[in-house]
Amino acid sequence: MLHPALHWVALVFQRKPGPALLALAILPLATALAGQNGISEESLAAEKCVTAESFLTQRLFLWQKRLKLEDWTITFKLVRTGELKPKTLGNIHWDSDLKRANMSILNPADYKLGFPEALKDMEYTVVHELVHLQLSSLPRSEASRSAEERAVNTMTEALLNLDRRP
């Protein structure tokens, strides 16, 4: 059960993402209110995870549709730093025959950024991994990995810049 000070955040995410991101500017106030009401750090971290999962579920649905991956079953889970390769914020594993993919995304508890910025970065990870999935039918080799990564980063930034423009 979400604390009343953070409950509105989850509700906003179920509507439109633009207002949701703007509403997150108020999250520090909600966090302060939660602290005044005796909410523990663990409880606040759990509520941030719930909020992030709600946000990412909505954004995954949107980006899956935009990238024409609706015929795939794609899931994600929030994971701690130790469950990812060093210097990564997420990954994706897929089965092309079954059209299933599982994404791991860094847990907000492991971000050094503020929560609104962490959510934007987690969305970046979602789009980044979906672009990898979209390119999964192309031939891959160790030699092409760094070129693919650069291309995926460029496409991800372009897509998000278009999405976030006023």
# chains A, B, ... in the order shown; residues from 1 in each chain; ligands from 1
call {"tool": "closest_atom_pairs", "arguments": {"of": "region 47-127 of chain A", "to": "region 134-153 of chain A", "cutoff": "10 Å", "atoms": "only C-alpha atoms", "output": "tab-separated table"}}
result
residue	atom	partner	partner_atom	distance
A:Gln64	CA	A:Gln134	CA	9.7
A:Leu67	CA	A:Gln134	CA	7.3
A:Lys68	CA	A:Gln134	CA	8.3
A:Leu69	CA	A:Gln134	CA	7.4
A:Trp94	CA	A:Ser136	CA	8.7
A:Asp95	CA	A:Ser136	CA	9.9
A:Ser96	CA	A:Ser136	CA	8.2
A:Tyr124	CA	A:Asn153	CA	9.3
A:Thr125	CA	A:Asn153	CA	9.8
A:Val127	CA	A:Val152	CA	9.2
call {"tool": "select_by_dssp", "arguments": {"residues": "region 71-122 of chain A", "states": "alpha helix (DSSP H)", "output": "PyMOL selection string"}}
result
chain A and resi 115-122
call {"tool": "atom_distance", "arguments": {"atom1": "CA of Ala52 (chain A)", "atom2": "CA of Val79 (chain A)"}}
result
12.0 Å
call {"tool": "residues_around", "arguments": {"residues": "Phe61 (chain A)", "least_positions_apart": "2", "cutoff": "12 Å", "atoms": "only C-alpha atoms", "output": "count of residues only"}}
result
26
call {"tool": "closest_residue", "arguments": {"among": "A:Leu62, A:Val131, A:Ala45, A:Leu160", "to": "Phe115 (chain A)", "atoms": "only C-alpha atoms"}}
result
A:Ala45
call {"tool": "atom_distance", "arguments": {"atom1": "CA of Val50 (chain A)", "atom2": "CA of Asn107 (chain A)"}}
result
10.6 Å
call {"tool": "residues_around", "arguments": {"residues": "His93 (chain A)", "least_positions_apart": "2", "cutoff": "9 Å", "atoms": "only C-alpha atoms", "output": "ChimeraX atom specification"}}
result
/A:91,95,100-104,133
call {"tool": "write_last_selection", "arguments": {"atoms": "C-alpha atoms", "output": "mmCIF file, in the first residue's frame"}}
result
data_model
loop_
_atom_site.group_PDB
_atom_site.id
_atom_site.type_symbol
_atom_site.label_atom_id
_atom_site.label_comp_id
_atom_site.auth_asym_id
_atom_site.auth_seq_id
_atom_site.Cartn_x
_atom_site.Cartn_y
_atom_site.Cartn_z
ATOM 1 C CA ASN A 91 20.119 -5.633 -20.246
ATOM 2 C CA ASP A 95 14.030 -15.826 -27.540
ATOM 3 C CA ARG A 100 9.675 -13.324 -25.604
ATOM 4 C CA ALA A 101 12.122 -10.971 -23.965
ATOM 5 C CA ASN A 102 13.124 -10.214 -20.389
ATOM 6 C CA MET A 103 14.668 -6.912 -19.442
ATOM 7 C CA SER A 104 16.613 -6.061 -16.290
ATOM 8 C CA LEU A 133 15.555 -6.134 -29.654
#
call {"tool": "closest_residue", "arguments": {"among": "A:Glu41, A:Glu83, A:Asp110, A:Asp121", "to": "Thr156 (chain A)", "atoms": "only C-alpha atoms"}}
result
A:Asp121
call {"tool": "atom_distance", "arguments": {"atom1": "CA of Ala118 (chain A)", "atom2": "CA of Arg165 (chain A)"}}
result
18.6 Å
call {"tool": "closest_residue", "arguments": {"among": "A:Leu106, A:Leu159, A:Leu113, A:Lys99", "to": "Leu78 (chain A)", "atoms": "only C-alpha atoms"}}
result
A:Leu106
call {"tool": "closest_residue", "arguments": {"among": "A:Ile105, A:Pro166, A:Gly114, A:Ser43", "to": "Leu84 (chain A)", "atoms": "only C-alpha atoms"}}
result
A:Ile105
call {"tool": "closest_residue", "arguments": {"among": "A:Arg164, A:Ala109, A:Leu98, A:Glu157", "to": "Thr81 (chain A)", "atoms": "only C-alpha atoms"}}
result
A:Ala109
